[in-house]
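**Q** The structure is given below, and queries will be raised subsequently.
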Amino acid sequence: MSESDLSRRKDDHLNIVLDRRAVRHGVGTGFDALQLEHCALPELDLDTIDLRSALVGKALRAPLLISSMTGGADRSAAINRHLAEAAQALGIAMGVGSQRVGLRSGNDQGLTRELRRLAPDVPLLGNIGAAQLLERDGLDLARRSVDSLQADALIIHLNPLQEAVQAEGDRNWRGVLEAIRRTVESVGVPVIVKEVGAGISAQVAVALARAGVQVIDVAGLGGTSWAAVEAERAVRPIDREVAVAFTYWGIPTATSLRMVRQALPDMTLIASGGIRNGVDAAKAICLGADLIGQAAGVLRDATLSTAAVIEHFEIVIRQLRIACFCTGSADLAALRNARLLPTEPSLPLHP
């Protein structure tokens, strides 16, 4: 596939997600089945609640990550500039979308060291697809992804379902785990592995940890369905019919998070996939997340302005702070020990 075709595909993806035709808005994440136990006597000052966190050795003022987004060449530069400026202003992390097109073409889509200049103090994360690591220049692409941004870490994204239902997708995934291991050993920065909306199982998470991966983003079911995205852009009815059957395929975000945390108690975990607001974020932290990622939820704001992105995340931060307050949690460590109750009596209580 030519780079112009790849850029056009990315532009299609952006249009579909902006039209919200494939965003599930938290439906099926598993968070709605859980309720944080309310504390009617918090004995706290709301304004002093500590939301500070860290990622790959860099401090954050709130446990938030602007998750990787995709975009067409004409719009990506402005989107990435707005996101980087907002991340710096808020003291939160930023992951960029896949850098393959920009690295292999003359159009960098705004993914340059200019982003580092705009966001000098926060974690900035490069991004490459796992399937691309199998290509002849895969390791070189990974290194260039980091160097082109002066990135603090590299995200390797796993999207086997999307590739499988995509007419032009990468079908052969044999050797991907070994390619990830080689990348960890040679790229020179921490490696983060994330799914793109179908979740990560405990078994896969353990394999990634053994390969040396330092951070896992579960990116579970409940946000953007990339099978639904590919169904929307399918040209042939047969391809659409194949893809649409997998619209709700995956491990719900809350379930994936709980399983991976139990399997890897010391791993840094990011929860993303349909997290709508600060209340969902608080539930995810209680289930074991260290950071919370959002992408589609802020994408429309990112097309508008830096101020719109800042306002979006200021709302999330206020909601998270109030959730801490109303569970009697002075900081994120205390929030992790808050009680989660089932919304259905038949469900087991959170220990």
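In the structure tokens, each chain is lettered A, B, ... as it comes, each chain's residues begin at 1, and ligands are numbered from 1 in order of appearance.
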Looking only at alpha helix (DSSP H) from DSSP on the backbone, list the matching residues of stretch 4-228 of chain A as an NGL selection string.
**A** :A and (4-18 or 73-90 or 100-104 or 113-118 or 138-149 or 160-165 or 176-186 or 202-210 or 226-228)
**Q** Could you list, as a ChimeraX atom specification, every residue within 9 Å of A:Ala205, counting only C-alpha atoms and ignoring same-chain residues fewer than 5 positions away?
**A** /A:200,210,216,218,260,263-264
**Q** Store the residues picked out above, limited to N, CA and C atoms, as a PDB file, in the first residue's frame.
**A**
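Once written, selection-v4.pdb looks like this:
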ATOM      1  N   ILE A 200      -6.636  -6.516  26.900  1.00  0.00           N
ATOM      2  CA  ILE A 200      -5.492  -7.417  27.047  1.00  0.00           C
ATOM      3  C   ILE A 200      -5.799  -8.425  28.143  1.00  0.00           C
ATOM      4  N   ARG A 210       7.262 -10.568  30.584  1.00  0.00           N
ATOM      5  CA  ARG A 210       8.462 -11.409  30.443  1.00  0.00           C
ATOM      6  C   ARG A 210       9.341 -10.939  29.292  1.00  0.00           C
ATOM      7  N   ILE A 216       1.726  -1.394  30.576  1.00  0.00           N
ATOM      8  CA  ILE A 216       0.671  -1.980  29.754  1.00  0.00           C
ATOM      9  C   ILE A 216      -0.565  -1.101  29.833  1.00  0.00           C
ATOM     10  N   VAL A 218      -4.398  -1.427  28.957  1.00  0.00           N
ATOM     11  CA  VAL A 218      -5.326  -2.513  28.634  1.00  0.00           C
ATOM     12  C   VAL A 218      -6.247  -2.153  27.469  1.00  0.00           C
ATOM     13  N   VAL A 260      -5.494  -8.186  34.674  1.00  0.00           N
ATOM     14  CA  VAL A 260      -4.068  -7.892  34.500  1.00  0.00           C
ATOM     15  C   VAL A 260      -3.444  -7.444  35.813  1.00  0.00           C
ATOM     16  N   ALA A 263      -2.742 -10.459  37.889  1.00  0.00           N
ATOM     17  CA  ALA A 263      -1.623 -11.248  37.369  1.00  0.00           C
ATOM     18  C   ALA A 263      -0.287 -10.538  37.543  1.00  0.00           C
ATOM     19  N   LEU A 264      -0.289  -9.216  37.499  1.00  0.00           N
ATOM     20  CA  LEU A 264       0.947  -8.429  37.552  1.00  0.00           C
ATOM     21  C   LEU A 264       0.788  -7.305  38.579  1.00  0.00           C
TER      22      LEU A 264
END
**Q** So that I can check the surroundings of A:Ser186, please list as a list in words every protein, DNA and RNA residue that reaches within 12 Å of it, counting only C-alpha atoms and ignoring chain neighbours fewer than 3 positions away.
**A**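 Neighbouring residues, sequence-local ones excluded: Gly138, Leu139, Asp140, Leu141, Ala142, Arg143, Arg144, Val146, Leu154, Ala179, Ile180, Arg181, Arg182, Thr183, Val189, Pro190, Val191 and Gly212 of chain A.
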**Q** Would you mind listing what lies within 10 Å of A:Val309 as JSON, numbers by chain, with only C-alpha atoms counted and same-chain residues fewer than 3 positions away left out?
**A** {"A": [66, 79, 82, 83, 84, 85, 86, 87, 90, 298, 299, 300, 301, 302, 303, 304, 305, 306, 312, 313, 314]}
**Q** Smallest atom-to-atom distance to A:Gly129: which of A:Lys194, A:Arg52, A:Arg61, A:Arg171, using only C-alpha atoms?
**A**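 Distance minimum relative to A:Gly129 lands on A:Lys194.
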**Q** Find the spatial neighbours of A:Thr327, counting only C-alpha atoms, within a cut-off of 7 Å - ignore same-chain residues fewer than 4 positions away - and output them as a VMD selection string.
**A** chain A and resid 37 to 39 42 323 338
**Q** From a backbone DSSP assignment, name each residue in stretch 162-272 of chain A labelled strand (DSSP E), as number ranges by chain.
**A** A: 191-195, 215-217, 268-271
**Q** Please produce an output containing N, CA and C atoms for each residue in the selection, written as a PDB file, in the first residue's frame.
**A**
ATOM      1  N   VAL A 191       9.249   0.805  27.048  1.00  0.00           N
ATOM      2  CA  VAL A 191       8.253   0.401  26.055  1.00  0.00           C
ATOM      3  C   VAL A 191       6.908   0.184  26.739  1.00  0.00           C
ATOM      4  N   ILE A 192       5.890   0.792  26.150  1.00  0.00           N
ATOM      5  CA  ILE A 192       4.501   0.638  26.590  1.00  0.00           C
ATOM      6  C   ILE A 192       3.778  -0.151  25.510  1.00  0.00           C
ATOM      7  N   VAL A 193       3.040  -1.181  25.904  1.00  0.00           N
ATOM      8  CA  VAL A 193       2.230  -1.906  24.930  1.00  0.00           C
ATOM      9  C   VAL A 193       0.761  -1.664  25.243  1.00  0.00           C
ATOM     10  N   LYS A 194       0.000  -1.336  24.203  1.00  0.00           N
ATOM     11  CA  LYS A 194      -1.423  -1.095  24.388  1.00  0.00           C
ATOM     12  C   LYS A 194      -2.234  -1.806  23.320  1.00  0.00           C
ATOM     13  N   GLU A 195      -3.429  -2.212  23.691  1.00  0.00           N
ATOM     14  CA  GLU A 195      -4.413  -2.646  22.714  1.00  0.00           C
ATOM     15  C   GLU A 195      -5.075  -1.383  22.163  1.00  0.00           C
ATOM     16  N   VAL A 215       5.237  -0.968  30.764  1.00  0.00           N
ATOM     17  CA  VAL A 215       3.908  -0.417  31.018  1.00  0.00           C
ATOM     18  C   VAL A 215       2.921  -1.086  30.076  1.00  0.00           C
ATOM     19  N   ILE A 216       1.726  -1.394  30.576  1.00  0.00           N
ATOM     20  CA  ILE A 216       0.671  -1.980  29.754  1.00  0.00           C
ATOM     21  C   ILE A 216      -0.565  -1.101  29.833  1.00  0.00           C
ATOM     22  N   ASP A 217      -1.134  -0.795  28.671  1.00  0.00           N
ATOM     23  CA  ASP A 217      -2.406  -0.078  28.562  1.00  0.00           C
ATOM     24  C   ASP A 217      -3.436  -1.093  28.090  1.00  0.00           C
ATOM     25  N   THR A 268       3.112  -1.189  35.940  1.00  0.00           N
ATOM     26  CA  THR A 268       2.416   0.079  35.714  1.00  0.00           C
ATOM     27  C   THR A 268       1.319  -0.148  34.673  1.00  0.00           C
ATOM     28  N   LEU A 269       0.082   0.182  35.043  1.00  0.00           N
ATOM     29  CA  LEU A 269      -1.059  -0.081  34.169  1.00  0.00           C
ATOM     30  C   LEU A 269      -1.789   1.213  33.823  1.00  0.00           C
ATOM     31  N   ILE A 270      -2.133   1.320  32.560  1.00  0.00           N
ATOM     32  CA  ILE A 270      -2.973   2.407  32.066  1.00  0.00           C
ATOM     33  C   ILE A 270      -4.329   1.805  31.707  1.00  0.00           C
ATOM     34  N   ALA A 271      -5.391   2.465  32.139  1.00  0.00           N
ATOM     35  CA  ALA A 271      -6.738   2.033  31.778  1.00  0.00           C
ATOM     36  C   ALA A 271      -7.290   2.995  30.741  1.00  0.00           C
TER      37      ALA A 271
END
**Q** Within 10 Å of A:Thr29, counting only C-alpha atoms, which residues qualify if same-chain residues fewer than 2 places away don't, as a VMD selection string?
**A** chain A and resid 24 to 27 31 to 33 220 to 223 250 to 256 272 to 275 280
**Q** If we count only C-alpha atoms and set the cut-off at 12 Å, which residues sit around A:Arg117, ignoring sequence neighbours fewer than 6 positions away in its own chain? Please answer as a ChimeraX atom specification.
**A** /A:81,84-85,88,111,124,149-151
**Q** Please, could you write that set of residues out with all heavy atoms as an mmCIF file, in the first residue's frame?
**A**
data_model
loop_
_atom_site.group_PDB
_atom_site.id
_atom_site.type_symbol
_atom_site.label_atom_id
_atom_site.label_comp_id
_atom_site.auth_asym_id
_atom_site.auth_seq_id
_atom_site.Cartn_x
_atom_site.Cartn_y
_atom_site.Cartn_z
ATOM 1 N N ARG A 81 -0.684 19.730 17.834
ATOM 2 C CA ARG A 81 -0.248 20.952 18.508
ATOM 3 C C ARG A 81 -1.183 21.285 19.670
ATOM 4 O O ARG A 81 -0.724 21.602 20.785
ATOM 5 C CB ARG A 81 -0.212 22.117 17.517
ATOM 6 C CG ARG A 81 0.314 23.417 18.144
ATOM 7 C CD ARG A 81 0.415 24.542 17.134
ATOM 8 N NE ARG A 81 -0.892 25.028 16.706
ATOM 9 C CZ ARG A 81 -1.453 24.774 15.519
ATOM 10 N NH1 ARG A 81 -0.829 24.016 14.621
ATOM 11 N NH2 ARG A 81 -2.639 25.263 15.218
ATOM 12 N N ALA A 84 -0.524 18.779 22.552
ATOM 13 C CA ALA A 84 0.754 18.989 23.236
ATOM 14 C C ALA A 84 0.693 20.220 24.133
ATOM 15 O O ALA A 84 1.173 20.195 25.280
ATOM 16 C CB ALA A 84 1.877 19.125 22.216
ATOM 17 N N GLU A 85 0.115 21.293 23.637
ATOM 18 C CA GLU A 85 0.009 22.510 24.456
ATOM 19 C C GLU A 85 -0.867 22.265 25.678
ATOM 20 O O GLU A 85 -0.564 22.748 26.782
ATOM 21 C CB GLU A 85 -0.555 23.649 23.605
ATOM 22 C CG GLU A 85 0.422 24.156 22.544
ATOM 23 C CD GLU A 85 -0.194 25.157 21.586
ATOM 24 O OE1 GLU A 85 -1.442 25.262 21.539
ATOM 25 O OE2 GLU A 85 0.572 25.836 20.873
ATOM 26 N N GLN A 88 1.022 20.081 28.320
ATOM 27 C CA GLN A 88 1.990 20.888 29.064
ATOM 28 C C GLN A 88 1.284 21.776 30.084
ATOM 29 O O GLN A 88 1.717 21.884 31.236
ATOM 30 C CB GLN A 88 2.820 21.731 28.090
ATOM 31 C CG GLN A 88 3.789 22.679 28.754
ATOM 32 C CD GLN A 88 4.932 21.979 29.466
ATOM 33 O OE1 GLN A 88 5.223 20.815 29.192
ATOM 34 N NE2 GLN A 88 5.566 22.685 30.398
ATOM 35 N N LEU A 111 4.241 15.411 13.749
ATOM 36 C CA LEU A 111 4.923 14.542 14.703
ATOM 37 C C LEU A 111 6.430 14.760 14.610
ATOM 38 O O LEU A 111 7.175 13.944 14.073
ATOM 39 C CB LEU A 111 4.551 13.078 14.433
ATOM 40 C CG LEU A 111 3.054 12.759 14.537
ATOM 41 C CD1 LEU A 111 2.782 11.309 14.214
ATOM 42 C CD2 LEU A 111 2.518 13.111 15.921
ATOM 43 N N LEU A 124 6.117 12.392 26.820
ATOM 44 C CA LEU A 124 5.697 12.381 25.417
ATOM 45 C C LEU A 124 6.042 11.011 24.859
ATOM 46 O O LEU A 124 7.191 10.564 24.947
ATOM 47 C CB LEU A 124 6.415 13.479 24.644
ATOM 48 C CG LEU A 124 6.034 13.679 23.175
ATOM 49 C CD1 LEU A 124 4.558 14.044 23.037
ATOM 50 C CD2 LEU A 124 6.904 14.757 22.543
ATOM 51 N N LEU A 149 10.679 12.554 17.972
ATOM 52 C CA LEU A 149 9.940 13.329 18.971
ATOM 53 C C LEU A 149 10.775 13.665 20.195
ATOM 54 O O LEU A 149 10.322 14.435 21.040
ATOM 55 C CB LEU A 149 8.715 12.545 19.459
ATOM 56 C CG LEU A 149 7.629 12.160 18.469
ATOM 57 C CD1 LEU A 149 6.580 11.318 19.168
ATOM 58 C CD2 LEU A 149 6.989 13.393 17.866
ATOM 59 N N GLN A 150 11.949 13.049 20.314
ATOM 60 C CA GLN A 150 12.668 13.020 21.592
ATOM 61 C C GLN A 150 11.734 12.456 22.657
ATOM 62 O O GLN A 150 11.590 13.006 23.760
ATOM 63 C CB GLN A 150 13.161 14.412 21.990
ATOM 64 C CG GLN A 150 14.275 14.962 21.095
ATOM 65 C CD GLN A 150 14.797 16.304 21.559
ATOM 66 O OE1 GLN A 150 14.023 17.185 21.941
ATOM 67 N NE2 GLN A 150 16.114 16.457 21.549
ATOM 68 N N ALA A 151 11.109 11.347 22.330
ATOM 69 C CA ALA A 151 10.071 10.764 23.179
ATOM 70 C C ALA A 151 10.665 10.147 24.441
ATOM 71 O O ALA A 151 11.807 9.673 24.460
ATOM 72 C CB ALA A 151 9.290 9.709 22.403
#
**Q** Determine the nearest neighbour of A:Leu134 from the options A:Leu161, A:Ile155, A:Leu177, A:Ala245, counting only C-alpha atoms.
**A**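 Distance minimum relative to A:Leu134 lands on A:Leu177.
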**Q** One number please: atom CA of A:Ala243 to atom CA of A:Arg276, in Å, one decimal.
**A**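 Those two atoms sit 25.0 Å apart.
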**Q** When distances are computed from only C-alpha atoms, which of A:Ala209, A:Val242, A:Ala93, A:Val196 shows the smallest separation from A:Ala130?
**A** A:Val196
